[in-house]
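A.B. asks: Dropping a structure here in structure tokens format, bear with me for questions.
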Amino acid sequence: MIVAVDDFNMGAMENKGLNVFNSKYVLARPDTATDADYEGIEAVIAHEYFHNWTGNRVTCRDWFQLSLKEGLTVFRDQQFTADQVSAAVKRIHDVRLLRNVQFPEDNGPMAHPVRPDSFMEINNFYTVTIYEKGAEIIRMLHTLLGEELFRQGLALYLTRHDGQAATTDDFVQAMAEVSARDLVQFKRWYTQAGTPQLTVQGEYDSRARTYTLRLEQSTPPTAGQPEKEPLHIPVSLGLLDSQGREMELACPERQGEAARGLFELRGAQETIRFTAVAEKPRLSIVRNFSAPLKVAYDCDEEELLFLFRHDRDLFNRWEAGQCLASRLLLGMVEDFRHNRPLVLDQRFVEACGRLLGEEAVGDKAFLALLLTLPSEEYLAEQMEVVAVEAIHASRLFARQTLARSLRPLWEQAYQVNRAIGPYRYEPGLAGQRALRNLCLSYLVTLEDEAAVHLALAQFAKSDNMTDQMAAFAALAHSGRPERQQVIADFYHQWQGDPLVLDKWLAVQATAPLPETLAEVQALMDHPAFQLKNPNKVRALIGSFAAGNPVCFHELSGKGYRFLAEQILTLDPLNPQIAARLAARLGRGARYDATRRGLMRDQLERIVGNKSLSRDVYEVVSKSLG
């Protein structure tokens with residue numbers, strides 16, 4: 001009862017009868033699929049299987065309730081994958097997707113509530129807001145109620161509505177009944193669009209031995225919702241002493257919450273006062289990303305370094321490193337814009353070297369994440385006006401500085417994590433490969449003979465796609481003369497496998513090189529590309545627009561013109577895919593006036609087409625305001 005197809009807009013589709021899977025999410029061999037592919041296949045198959053209850057046996061009353069099945073089932077597949085691999089690594093991957101894709105959606109013209117009030121074309125609401133933010137709402141209920149009460153609530157919901165069409169209100173009602181809690185305010189998460197911000201201020205009084213925490217929440221206005229009401233927010237937190245040990249949370253006014261380390265913010269502003277605090281604590285806030293929001297907390301770099309080394313909450317340990325790196329990188333962005341020399345803080349370099357040298361983290365996949373810098377997309381989200389070239393230059397400089405300063409440690413970790421025996425997809429081995437390939441990617445940024453030789457050897461000798469792809473991407477994204485030969489060799493080896501050729505197209509489309517757009521345009525006529533195949537479109541055109549900011553946002557606007565041409569060509573063939581691509585042109589508000597105008601020109605060009613589909617028209621008209 002399963003069919004795999006190459007031409008499919010979705011990852012898969014659950015049905016009580018025939019289940020339809022995109023070939024990408026069901027077909028795998030060690031020589032053609034990466035570790036990420038294996039994990040993705042496992043997650044998607046689990047997701048569709050879980051839909052038997054949350055989607056099929058209990059389905060949606062109407063399209064506005066789409067997240068009732070999708071958000072809930074995404075949460076279930078996230079929990080499944082966390083049990084299969086590493087809970088911390090899985091949580092980080094999910095939050096990165098949320099921040100890099102959903103937060104910008106919440107901050108753009110297509111912002112919509114998880115339970116929308118209206119739509120022009122339902123295809124446009126199969127979004128990361130419905131899926132991923134919807135899953136975060138379910139996760140907050142799981143956090144607020146705890147494992148056992150959540151399980152009881154889910155059982156009550158499924159039993160009560162088996163064979164029925166239900167609503168998000170029905171789901172929350174079941175949770176409220178088993179927990180005897182008032183969740184009316186919590187339901188605002190379903191009806192309000194936008195990403196809330198939590199502003200945090202901490203003050204320690206050494207004489208009174210108290211630590212006072214002031215929390216303030218706000219959600220920016222979005223289309224049709226100029227005013228926002230306070231949300232019910234679970235805030236998980238901890239206090240660390242100078243040795244990195246957990247401090248007891250004594251809070252007489254909120255004893256029950258203090259015992260769990262979980263505080264519930266309901267008002268626009270609230271104050272939490274901890275007593276018997278023997279020394280100034282280090283605050284670990286929103287642990288395990290207990291709510292999908294942005295945090296504004298003015299702590300200094302020493303505190304971030306401390307949390308990066310010592311936080312017991314693994315997500316927040318990674319988060320501290322990301323916050324520190326973001327702060328340093330954004331400072332370098334300003335230096336670049338003002339023609340000042342770029343310098344990477346030596347304390348951060350030493351912290352990374354300590355992690356790499358001691359390999360203090362047993363989970364190699366987690367260690368690889370600790371040592372990965374924030375993406376260009378995430379850094380762009382931190383700026384009022386995105387500085388495209390400065391972000392790219394600063395991040396590349398930081399990677400090269402880390403590569404050069406810690407070279408012996410990268411090389412040592414690369415050799416230590418060499419695979420023994422044939423490829424097997426196992427979480428521990430996948431973690432070793434992730435760390436080893438991260439080492440290689442850093443070294444190749446230096447583009448010297450030794451690093452390139454290492455990558456060429458791995459490319460030629462790998463027995464698995466994970467290692468071959470890592471070497472291929474590192475070389476194809478470099479400016480080295482060997483680049484073109486490696487691209488040709490990879491195609492020659494895999495020209496008979498359409499799924500592998502999708503990777504080949506995507507790697508070339510995301511190369512941050514001046515010639516990339518011309519190469520992408522040439523690939524449009526390559527036998528490996530077919531405009532009618534959604535996987536090919538996503539691999540080449542989608543990867544260029546979404547995964548190559550420095551080339552897509554090139555100041556002349558030729559990246560925007562290219563995308564608009566493809567949208568107009570695609571619209572009669574596949575309006576769903578065309579609409580998703582069009583959303584990339586709708587984010588001009590946060591770019592400089594030149595780019596903003598160039599994006600608007602292309603949106604007006606698209607909307608001027610009299611035969612435009614409803615899918616594309618809705619996205620473009622909303623983007624034009």
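Scheme for the structure tokens: letters A, B, ... for chains in order shown; per-chain residue numbers from 1; ligand numbers from 1 in order shown.
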Near region 167-180 of chain A, within 10 Å and counting only C-alpha atoms, which residues show up once chain neighbours fewer than 4 positions away are dropped, as number ranges by chain?

C.D. replies: A: 58-69, 72, 114-115, 138, 141-142, 144-146, 148-158, 160-161, 184, 186-187, 190

A.B. asks: Which residues come within 12 Å of Leu438 (chain A), counting only C-alpha atoms, excluding same-chain residues fewer than 3 positions away, as a ChimeraX atom specification?

C.D. replies: /A:356,364-373,399,402-403,410-411,413-414,417,431-435,441-445,455,466-467,470-471,473-474

A.B. asks: For the selection just defined, write its residues with N, CA, C and O atoms to a file, as a compact mmCIF listing (two decimals), in the first residue's frame.

C.D. replies:
```txt
# COMPACT_ATOMS: atom_id res chain seq x y z
N LEU A 356 37.30 21.14 21.10
CA LEU A 356 37.83 20.27 20.07
C LEU A 356 39.00 19.43 20.58
O LEU A 356 39.09 18.24 20.28
N LYS A 364 29.22 13.03 19.59
CA LYS A 364 29.99 13.72 18.54
C LYS A 364 29.09 14.59 17.66
O LYS A 364 29.53 15.65 17.18
N ALA A 365 27.85 14.17 17.44
CA ALA A 365 26.94 14.99 16.65
C ALA A 365 26.66 16.31 17.37
O ALA A 365 26.58 17.37 16.75
N PHE A 366 26.53 16.24 18.69
CA PHE A 366 26.30 17.46 19.46
C PHE A 366 27.54 18.34 19.44
O PHE A 366 27.44 19.57 19.30
N LEU A 367 28.71 17.75 19.55
CA LEU A 367 29.95 18.52 19.49
C LEU A 367 30.07 19.24 18.14
O LEU A 367 30.49 20.40 18.08
N ALA A 368 29.70 18.55 17.06
CA ALA A 368 29.75 19.20 15.74
C ALA A 368 28.84 20.42 15.70
O ALA A 368 29.19 21.46 15.12
N LEU A 369 27.68 20.34 16.34
CA LEU A 369 26.77 21.49 16.39
C LEU A 369 27.34 22.62 17.24
O LEU A 369 27.18 23.80 16.90
N LEU A 370 27.99 22.27 18.35
CA LEU A 370 28.61 23.30 19.19
C LEU A 370 29.65 24.10 18.42
O LEU A 370 29.86 25.28 18.67
N LEU A 371 30.31 23.43 17.47
CA LEU A 371 31.42 24.06 16.74
C LEU A 371 30.99 24.66 15.40
O LEU A 371 31.82 25.12 14.64
N THR A 372 29.68 24.64 15.12
CA THR A 372 29.16 25.21 13.87
C THR A 372 28.68 26.64 14.11
O THR A 372 27.88 26.88 15.02
N LEU A 373 29.12 27.56 13.29
CA LEU A 373 28.72 28.97 13.45
C LEU A 373 27.28 29.17 13.02
O LEU A 373 26.75 28.41 12.21
N ARG A 399 35.27 31.59 10.00
CA ARG A 399 35.56 30.17 9.73
C ARG A 399 37.03 29.99 9.38
O ARG A 399 37.67 29.03 9.83
N LEU A 402 39.14 30.35 12.60
CA LEU A 402 39.07 29.13 13.41
C LEU A 402 39.86 28.01 12.76
O LEU A 402 40.55 27.24 13.45
N ALA A 403 39.78 27.90 11.44
CA ALA A 403 40.52 26.84 10.73
C ALA A 403 42.02 27.02 10.89
O ALA A 403 42.76 26.07 11.18
N TRP A 410 41.83 20.46 14.37
CA TRP A 410 40.91 20.00 13.33
C TRP A 410 41.46 18.74 12.65
O TRP A 410 40.73 17.77 12.42
N GLU A 411 42.76 18.77 12.34
CA GLU A 411 43.37 17.63 11.66
C GLU A 411 43.39 16.39 12.55
O GLU A 411 43.14 15.27 12.08
N ALA A 413 41.24 15.72 15.07
CA ALA A 413 39.87 15.22 15.20
C ALA A 413 39.42 14.54 13.92
O ALA A 413 38.68 13.54 13.95
N TYR A 414 39.90 15.03 12.78
CA TYR A 414 39.56 14.40 11.50
C TYR A 414 40.09 12.98 11.45
O TYR A 414 39.38 12.05 11.02
N ASN A 417 38.41 10.45 14.15
CA ASN A 417 37.04 10.04 13.86
C ASN A 417 36.90 9.33 12.51
O ASN A 417 35.80 9.23 11.97
N GLY A 431 27.32 10.50 14.14
CA GLY A 431 27.90 11.62 14.87
C GLY A 431 29.38 11.78 14.58
O GLY A 431 29.88 12.90 14.42
N GLN A 432 30.10 10.65 14.50
CA GLN A 432 31.52 10.71 14.15
C GLN A 432 31.71 11.31 12.77
O GLN A 432 32.60 12.13 12.55
N ARG A 433 30.88 10.87 11.82
CA ARG A 433 31.00 11.41 10.46
C ARG A 433 30.67 12.90 10.44
O ARG A 433 31.32 13.67 9.72
N ALA A 434 29.67 13.31 11.22
CA ALA A 434 29.32 14.74 11.26
C ALA A 434 30.49 15.58 11.76
O ALA A 434 30.81 16.63 11.19
N LEU A 435 31.16 15.11 12.82
CA LEU A 435 32.29 15.86 13.36
C LEU A 435 33.46 15.86 12.40
O LEU A 435 34.09 16.89 12.15
N SER A 441 35.37 20.63 6.43
CA SER A 441 34.81 21.85 5.87
C SER A 441 35.56 23.09 6.36
O SER A 441 35.78 24.04 5.59
N TYR A 442 35.96 23.09 7.62
CA TYR A 442 36.77 24.20 8.13
C TYR A 442 38.11 24.26 7.42
O TYR A 442 38.56 25.33 6.97
N LEU A 443 38.78 23.13 7.31
CA LEU A 443 40.12 23.10 6.71
C LEU A 443 40.09 23.57 5.26
O LEU A 443 40.98 24.31 4.81
N VAL A 444 39.07 23.17 4.50
CA VAL A 444 39.02 23.52 3.08
C VAL A 444 38.76 25.02 2.87
O VAL A 444 39.07 25.55 1.81
N THR A 445 38.24 25.73 3.89
CA THR A 445 38.08 27.18 3.73
C THR A 445 39.43 27.87 3.50
O THR A 445 39.48 28.95 2.94
N ALA A 455 40.53 16.62 1.02
CA ALA A 455 39.16 16.54 0.49
C ALA A 455 39.10 15.68 -0.77
O ALA A 455 38.16 14.89 -0.95
N THR A 466 27.49 10.10 2.57
CA THR A 466 27.70 11.15 3.58
C THR A 466 29.09 11.76 3.42
O THR A 466 29.24 12.99 3.34
N ASP A 467 30.10 10.91 3.38
CA ASP A 467 31.48 11.41 3.29
C ASP A 467 31.79 11.95 1.90
O ASP A 467 32.50 12.96 1.76
N ALA A 470 30.18 15.41 1.58
CA ALA A 470 30.86 16.43 2.38
C ALA A 470 32.10 16.93 1.65
O ALA A 470 32.36 18.15 1.60
N ALA A 471 32.87 16.01 1.08
CA ALA A 471 34.07 16.40 0.34
C ALA A 471 33.68 17.14 -0.94
O ALA A 471 34.30 18.15 -1.30
N ALA A 473 30.93 18.91 -1.57
CA ALA A 473 30.42 20.26 -1.28
C ALA A 473 31.55 21.21 -0.91
O ALA A 473 31.58 22.36 -1.34
N ALA A 474 32.50 20.72 -0.08
CA ALA A 474 33.61 21.58 0.33
C ALA A 474 34.42 22.03 -0.89
O ALA A 474 34.79 23.21 -1.00
```

A.B. asks: Env of Ala545 (chain A): 8 Å cut, atoms = only C-alpha atoms, seq-sep filter 6 positions within chain, self excluded. Answer as a ChimeraX atom specification.

C.D. replies: /A:552,559,563,581,584

A.B. asks: Excluding Asn100 (chain A) and its own-chain neighbours fewer than 6 positions away, which residues fall within 9 Å of it when counting only C-alpha atoms? Please give them as a list in words.

C.D. replies: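 My reading of the contact set: Ser375, Glu377, Tyr378 and Glu381 of chain A.
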
A.B. asks: Pick the closest to Thr195 (chain A) from A:Glu121, A:Asp106, A:Glu147, A:Glu248: which is it, counting only C-alpha atoms?

C.D. replies: A:Asp106

A.B. asks: When distances are computed from only C-alpha atoms, which of A:Leu513, A:Leu262, A:His526, A:Thr219 shows the smallest separation from Gln495 (chain A)?

C.D. replies: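 That would be A:His526, the residue with the smallest distance to Gln495 (chain A).
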
A.B. asks: CA of Thr32 (chain A) and CA of Ala528 (chain A) are how many Å apart?

C.D. replies: 16.1 Å

A.B. asks: Record the distance separating CA of Phe306 (chain A) and CA of Gln243 (chain A), expressed in Å with one decimal.

C.D. replies: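 Separation of CA of Phe306 (chain A) and CA of Gln243 (chain A): 9.4 Å.
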